[in-house]
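Note sheet for the following structure.
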2 protein chains.
Amino acid sequence: MRLSQTQLEQYQQHGYLVVESYFSRAELELLEAELPSIFGGDPERTVREKSGAVRSVFASHLHNDVFKCFVRLSRLIEPARQILGDDVYIHQFKINAKVALEGEQWEWHQDFLYWHKEDCMPEPRVLTAVLFVEEVNEFNGPMLVIPGSHLDGMIDVDVHEKYRRTSGNGKAEPAWASTLTSDLKYKIDKEILLKLMGNRKIKSVTGPPGTLMFFHGNMFHASANNLSPWDRISIFASYNSVANAPRATANPRPLFIAERNCIALNPLPDAALLQMGVKAGWAAR
Amino acid sequence: MRLSQTQLEQYQQHGYLVVESYFSRAELELLEAELPSIFGGDPERTVREKSGAVRSVFASHLHNDVFKCFVRLSRLIEPARQILGDDVYIHQFKINAKVALEGEQWEWHQDFLYWHKEDCMPEPRVLTAVLFVEEVNEFNGPMLVIPGSHLDGMIDVDVHEKYRRTSGNGKAEPAWASTLTSDLKYKIDKEILLKLMGNRKIKSVTGPPGTLMFFHGNMFHASANNLSPWDRISIFASYNSVANAPRATANPRPLFIAERNCIALNPLPDAALLQMGVKAGWAAR
């Protein structure tokens with residue numbers, strides 16, 4: 001599966017592209033079946049909301065066979081290669097739960113700012129594929145985007161005062177935690193946001209389960225808390241160009257947050273995911 | 001200004017009624033001109049967000065001549081009388097700022113639960129008139145409602161565990177603060193919300209500046225945080241039937257949160273607000 005010229009142009013112009021029915025009901029069921037063990041799994045790779053509910057689980061693509069397969073599917077790798085013009089690998093992989101009533105906000109940010117400042121990734125030759133495992137609607141905290149905001153490049157934002165004051169890290173939390181919670185390390189204020197918007201608008205990205213969104217590492221996005229009774233589980237696979245591997249840094253974030261083994265992924269046929277389900281079914285008998 | 005039979009039926013059926021252009025541009029400007037002094041005013045009547053921004057200011061109708069006039073306008077008093085079938089007074093009055101980027105959520109709740117449990121108001125013969133001072137859109141934390149939820153009556157919810165544990169009030173905050181912040185004293189969980197919804201839907205109430213919403217004391221509502229660059233300032237005037245005055249209680253909330261002088265308001269002509277502006281203009285010359 002390759003993107004059409006029109007789809008590529010949409011991506012270049014807006015900084016994102018949304019395609020419905022990119023994954024089938026059967027494939028979603030296969031992915032969903034893995035979630036209970038992932039959400040109940042490795043505490044080190046799990047970030048929690050203030051309520052204690054799971055917010056994100058990182059790096060399941062390194063620990064779970066179904067997600068190992070998922071990130072290699074041709075329908076994700078090929079568009080990433082088309083857009084980035086290079087072979088790709090996974091810089092970051094996370095499953096965001098944003099559970100009903102407890103899922104908190106993501107403040108406005110550019111992913112690339114974190115990857116550049118925290119991980120020393122040189123260029124914004126990086127994108128994220130987001131799969132909606134559940135319906136995303138106006139009430140369960142949809143991603144808000146500013147179409148075209150990637151064209152302004154990375155907006156350098158200082159470390160927020162709060163984290164400068166507590167840089168001694170008096171809390172039990174590790175320093176990198178501030179890059180993953182509802183209270184972000186790099187905050188943009190109202191003036192930056194208004195300037196960035198200019199004549200642009202905010203849009204919310206909604207869609208049925210199975211919808212896929214590709215978005216640029218420099219596109220500004222955010223999402224509000226989830227006040228609905230419906231979870232909003234999404235899978236975020238961030239593909240980086242192999243030529244854009246992060247440079248060495250004194251204090252790297254853990255590998256489960258920022259990959260440093262930058263080896264090109266070999267694509268698997270799109271049918272591979274369902275075939276895994278068939279094999280699993282055989283094994284279970 | 002009286003509500004039509006159709007409007008009354010809408011209110012009875014859905015628990016709320018929205019009317020656009022209820023206040024004119026000139027009237028909104030008059031109200032807005034009072035806000036800087038109100039938001040910079042009495043700290044006792046001011047509730048703040050975690051960021052320090054103003055969340056709510058209470059009881060300006062007792063301290064500010066423009067808002068004294070506002071709550072007495074015939075176009076607010078007469079519909080309240082029609083709906084409640086009695087003379088009315090203000091039980092609670094607040095201006096909610098929900099400022100850009102900093103305005104936090106309001107969790108799902110029924111106002112009457114607080115008024116009944118905290119203030120000993122006997123019956124849900126009470127409604128709130130909300131004026132949108134600014135546009136409310138899908139991005140600045142619109143009120144979410146469950147139309148028809150008022151028909152189920154008050155859903156009794158226990159004090160949330162968090163507030164039971166800290167009932168000794170070890171913090172500097174007064175006990176009533178937990179009824180006004182983004183982390184509410186009476187929380188409904190996902191099961192209650194789903195049961196309450198049944199075949200009902202969630203709706204968001206949006207509209208241009210000047211829109212007015214009347215809603216029932218038992219209608220469930222909530223609103224997400226404001227991720228937009230636009231403030232969402234709204235004025236909430238809660239009218240109670242004089243026959244439904246709160247009973248005596250051992251630990252009453254402060255009068256600026258819950259009125260105990262339950263004297264019927266005499267309506268002023270709808271033109272009174274603009275006339276105040278004219279007078280103020282004369283006085284300034």
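Residues in the structure tokens are numbered from 1 in each chain, the chains being A, B, ... in the order shown, and ligands are numbered from 1 in the order shown.
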
Find the residues around Met1 of chain B up to 12 Å (only C-alpha atoms counted), leave out those fewer than 3 positions away in its own chain, and share them as a PyMOL selection string.
chain B and resi 4+22+73-82+267-271

Sel. of strand (DSSP E or B) residues, segment 87-164 of chain B, as a list in words:
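Answer for segment 87-164 of chain B, restricted to strand (DSSP E or B): Val88, Tyr89, Ile90, His91, Gln92, Phe93, Lys94, Ile95, Asn96, Trp106, Glu107, Trp108, His109, Val126, Leu127, Thr128, Ala129, Val130, Leu131, Phe132, Val136, Met143, Leu144, Val145 and Val159 of chain B.
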
Chain A contacts on chain B, only C-alpha atoms, 10 Å, as a compact mmCIF listing (two decimals) with N, CA and C atoms, in the first residue's frame:
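Now in part32.txt:
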# COMPACT_ATOMS: atom_id res chain seq x y z
N VAL B 99 -9.86 30.26 31.34
CA VAL B 99 -8.98 31.02 30.43
C VAL B 99 -8.19 30.09 29.53
N ALA B 100 -7.76 30.67 28.42
CA ALA B 100 -6.99 29.97 27.40
C ALA B 100 -5.84 29.18 28.01
N LEU B 101 -5.74 27.93 27.63
CA LEU B 101 -4.64 27.01 27.99
C LEU B 101 -4.59 26.63 29.47
N GLU B 102 -5.19 27.44 30.35
CA GLU B 102 -5.06 27.18 31.78
C GLU B 102 -6.36 26.73 32.44
N GLU B 104 -9.21 24.66 33.66
CA GLU B 104 -9.30 23.22 33.87
C GLU B 104 -10.73 22.71 33.74
N GLN B 105 -10.85 21.40 33.83
CA GLN B 105 -12.12 20.71 33.66
C GLN B 105 -13.12 20.98 34.79
N TRP B 106 -14.37 20.71 34.50
CA TRP B 106 -15.40 20.48 35.51
C TRP B 106 -15.85 19.04 35.31
N GLU B 107 -15.71 18.23 36.31
CA GLU B 107 -16.14 16.84 36.19
C GLU B 107 -17.67 16.76 36.13
N TRP B 108 -18.18 15.61 35.69
CA TRP B 108 -19.63 15.41 35.61
C TRP B 108 -20.26 15.61 37.00
N GLU B 138 -16.00 24.07 20.06
CA GLU B 138 -15.59 22.72 20.46
C GLU B 138 -14.20 22.68 21.08
N PHE B 139 -13.44 23.77 20.97
CA PHE B 139 -12.05 23.74 21.42
C PHE B 139 -11.79 24.44 22.76
N ASN B 140 -12.72 25.26 23.22
CA ASN B 140 -12.43 25.98 24.47
C ASN B 140 -13.22 25.47 25.67
N GLY B 141 -13.48 24.15 25.66
CA GLY B 141 -14.07 23.52 26.84
C GLY B 141 -15.55 23.80 27.00
N LEU B 144 -20.60 20.11 28.40
CA LEU B 144 -21.18 18.87 27.88
C LEU B 144 -22.39 18.55 28.75
N ILE B 188 -18.76 10.98 39.99
CA ILE B 188 -19.46 9.79 39.48
C ILE B 188 -18.44 8.97 38.70
N ASP B 189 -18.59 7.66 38.76
CA ASP B 189 -17.66 6.78 38.05
C ASP B 189 -18.27 6.37 36.70
N LYS B 190 -17.49 5.61 35.96
CA LYS B 190 -17.88 5.23 34.60
C LYS B 190 -19.20 4.44 34.59
N GLU B 191 -19.39 3.59 35.60
CA GLU B 191 -20.60 2.75 35.63
C GLU B 191 -21.84 3.63 35.83
N ILE B 192 -21.74 4.58 36.76
CA ILE B 192 -22.89 5.48 36.98
C ILE B 192 -23.16 6.27 35.71
N LEU B 193 -22.09 6.76 35.06
CA LEU B 193 -22.26 7.57 33.86
C LEU B 193 -22.93 6.77 32.75
N LEU B 194 -22.48 5.52 32.55
CA LEU B 194 -23.05 4.69 31.49
C LEU B 194 -24.51 4.36 31.79
N MET B 197 -26.57 7.39 31.20
CA MET B 197 -26.73 7.70 29.78
C MET B 197 -27.78 6.79 29.16
N ILE B 202 -24.37 12.28 24.74
CA ILE B 202 -23.73 13.49 25.26
C ILE B 202 -23.86 14.56 24.18
N LYS B 203 -24.15 15.78 24.58
CA LYS B 203 -24.16 16.90 23.63
C LYS B 203 -23.26 18.01 24.17
N SER B 204 -22.65 18.75 23.26
CA SER B 204 -21.89 19.91 23.70
C SER B 204 -22.70 21.15 23.35
N ALA B 222 -20.71 18.71 32.49
CA ALA B 222 -19.26 18.63 32.69
C ALA B 222 -18.64 19.55 31.66
N SER B 223 -17.33 19.82 31.77
CA SER B 223 -16.64 20.45 30.65
C SER B 223 -15.15 20.16 30.76
N ALA B 224 -14.54 19.97 29.60
CA ALA B 224 -13.12 19.63 29.55
C ALA B 224 -12.28 20.88 29.74
N ASN B 225 -10.99 20.69 29.83
CA ASN B 225 -10.09 21.83 29.96
C ASN B 225 -10.03 22.62 28.65
N ASN B 226 -9.56 23.83 28.74
CA ASN B 226 -9.52 24.72 27.58
C ASN B 226 -8.12 24.73 26.96
N LEU B 227 -7.96 24.05 25.84
CA LEU B 227 -6.66 23.97 25.16
C LEU B 227 -6.53 25.02 24.07
N SER B 228 -7.53 25.83 23.91
CA SER B 228 -7.52 26.82 22.82
C SER B 228 -6.85 28.11 23.29
N PRO B 229 -6.57 29.02 22.35
CA PRO B 229 -6.03 30.32 22.75
C PRO B 229 -7.14 31.33 23.12
N TRP B 230 -8.38 30.84 23.25
CA TRP B 230 -9.51 31.74 23.53
C TRP B 230 -10.06 31.46 24.92

I want to know what sits within 6 Å of segment 244-256 of chain B, based on only C-alpha atoms, with residues of the same chain fewer than 3 positions away left out; could you give that as a PyMOL selection string?
chain B and resi 59+120-121+241+259

With N, CA, C and O atoms kept, could you save the residues just selected as a short mmCIF file (atom, residue, chain, number, x, y, z; two decimals), in the first residue's frame?
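out-v8.cif written:
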data_model
loop_
_atom_site.label_atom_id
_atom_site.label_comp_id
_atom_site.auth_asym_id
_atom_site.auth_seq_id
_atom_site.Cartn_x
_atom_site.Cartn_y
_atom_site.Cartn_z
N ALA B 59 -20.33 35.66 43.67
CA ALA B 59 -21.15 36.68 44.34
C ALA B 59 -20.91 38.12 43.87
O ALA B 59 -21.16 39.05 44.64
N CYS B 120 -28.30 22.12 52.21
CA CYS B 120 -29.62 21.73 52.71
C CYS B 120 -30.77 22.39 51.95
O CYS B 120 -31.78 22.80 52.55
N MET B 121 -30.60 22.49 50.62
CA MET B 121 -31.72 22.95 49.80
C MET B 121 -32.67 21.75 49.62
O MET B 121 -32.23 20.68 49.22
N SER B 241 -36.35 28.85 43.88
CA SER B 241 -37.69 29.24 44.29
C SER B 241 -37.63 29.75 45.73
O SER B 241 -36.96 29.12 46.57
N GLU B 259 -26.43 31.38 49.21
CA GLU B 259 -27.22 32.46 49.82
C GLU B 259 -28.18 31.90 50.88
O GLU B 259 -28.71 30.80 50.71
#

Between atom CA of Ile95 of chain A and atom CA of Leu180 of chain A, what is the distance, to one decimal in Å?
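Taking atom CA of Ile95 of chain A as the start and atom CA of Leu180 of chain A as the end point, the length is 12.3 Å.
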
Determine, counting only C-alpha atoms, which protein, DNA and RNA residues have an atom within 10 Å of an atom of segment 24-41 of chain B; residues of the same chain fewer than 5 positions away are not included. Present the result as an NGL selection string.
:B and (46 or 53-58 or 60 or 63-67 or 70 or 95 or 97 or 131-134 or 209-211 or 233 or 235 or 271 or 273-277 or 280)

Please, which residues of segment 40-78 of chain A, numbered as in this document, come out alpha helix (DSSP H) from DSSP, as a list in words?
Ser60, His61, Leu62, His63, Asp65, Val66, Phe67, Lys68, Cys69, Phe70, Ser74, Arg75, Leu76, Ile77 and Glu78 of chain A

Which residues, written as a list in words, have at least one atom at most 9 Å from Ile146 of chain B, with only C-alpha atoms counted and residues fewer than 3 positions away on the same chain left out?
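Contacts, with the query itself left out: His14, Gly15, Ser149, His150, Leu196, Met197, Arg200, Lys201, Ile202, Lys203, Ser204, Met219, Phe220 and His221 of chain B.
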
So how far away is atom CA of Val205 of chain A from atom CA of Val136 of chain A, in Å?
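According to the coordinates, atom CA of Val136 of chain A and atom CA of Val205 of chain A are separated by 7.7 Å.
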
Between atom CA of Asn218 of chain A and atom CA of Arg2 of chain A, what is the distance, to one decimal in Å?
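Atom-to-atom, atom CA of Asn218 of chain A to atom CA of Arg2 of chain A, that is 22.5 Å.
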
Counting only C-alpha atoms, the residue among A:Met143, A:Leu8, A:Val71, A:Ala258 that lies closest to Trp176 of chain A is A:Ala258

In terms of the shortest atom-to-atom distance over only C-alpha atoms, which of B:Leu127, B:Ala243, B:Gly207, B:Pro174 is closest to Trp115 of chain B?
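Selected residue with least distance to Trp115 of chain B: B:Leu127.
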
Nearest to Tyr186 of chain A, chosen from A:Glu20, A:Asp156, A:Asp119, A:Glu44, with only C-alpha atoms counted in the distances:
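Between A:Glu20, A:Asp156, A:Asp119, A:Glu44, the residue approaching Tyr186 of chain A most closely is A:Asp156.
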
List the spatial neighbours of Thr179 of chain B as a CSV table (one decimal) with N, CA, C and O atoms, in the first residue's frame - criterion: any atom at most 9 Å away, only C-alpha atoms, same-chain residues fewer than 6 positions off excluded.
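Saved to selection-v9.csv:
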chain,number,residue,atom,x,y,z
B,114,TYR,N,-24.9,19.3,45.2
B,114,TYR,CA,-24.1,20.1,46.1
B,114,TYR,C,-25.0,21.0,46.9
B,114,TYR,O,-24.8,21.2,48.1
B,118,GLU,N,-24.7,20.1,50.6
B,118,GLU,CA,-23.8,21.0,51.3
B,118,GLU,C,-24.7,22.2,52.0
B,118,GLU,O,-24.3,22.7,53.0
B,185,LYS,N,-15.7,17.0,44.9
B,185,LYS,CA,-15.9,16.2,46.2
B,185,LYS,C,-16.8,15.0,45.9
B,185,LYS,O,-16.6,13.9,46.5
B,186,TYR,N,-17.8,15.2,45.0
B,186,TYR,CA,-18.7,14.1,44.7
B,186,TYR,C,-18.4,13.7,43.3
B,186,TYR,O,-18.8,14.4,42.3
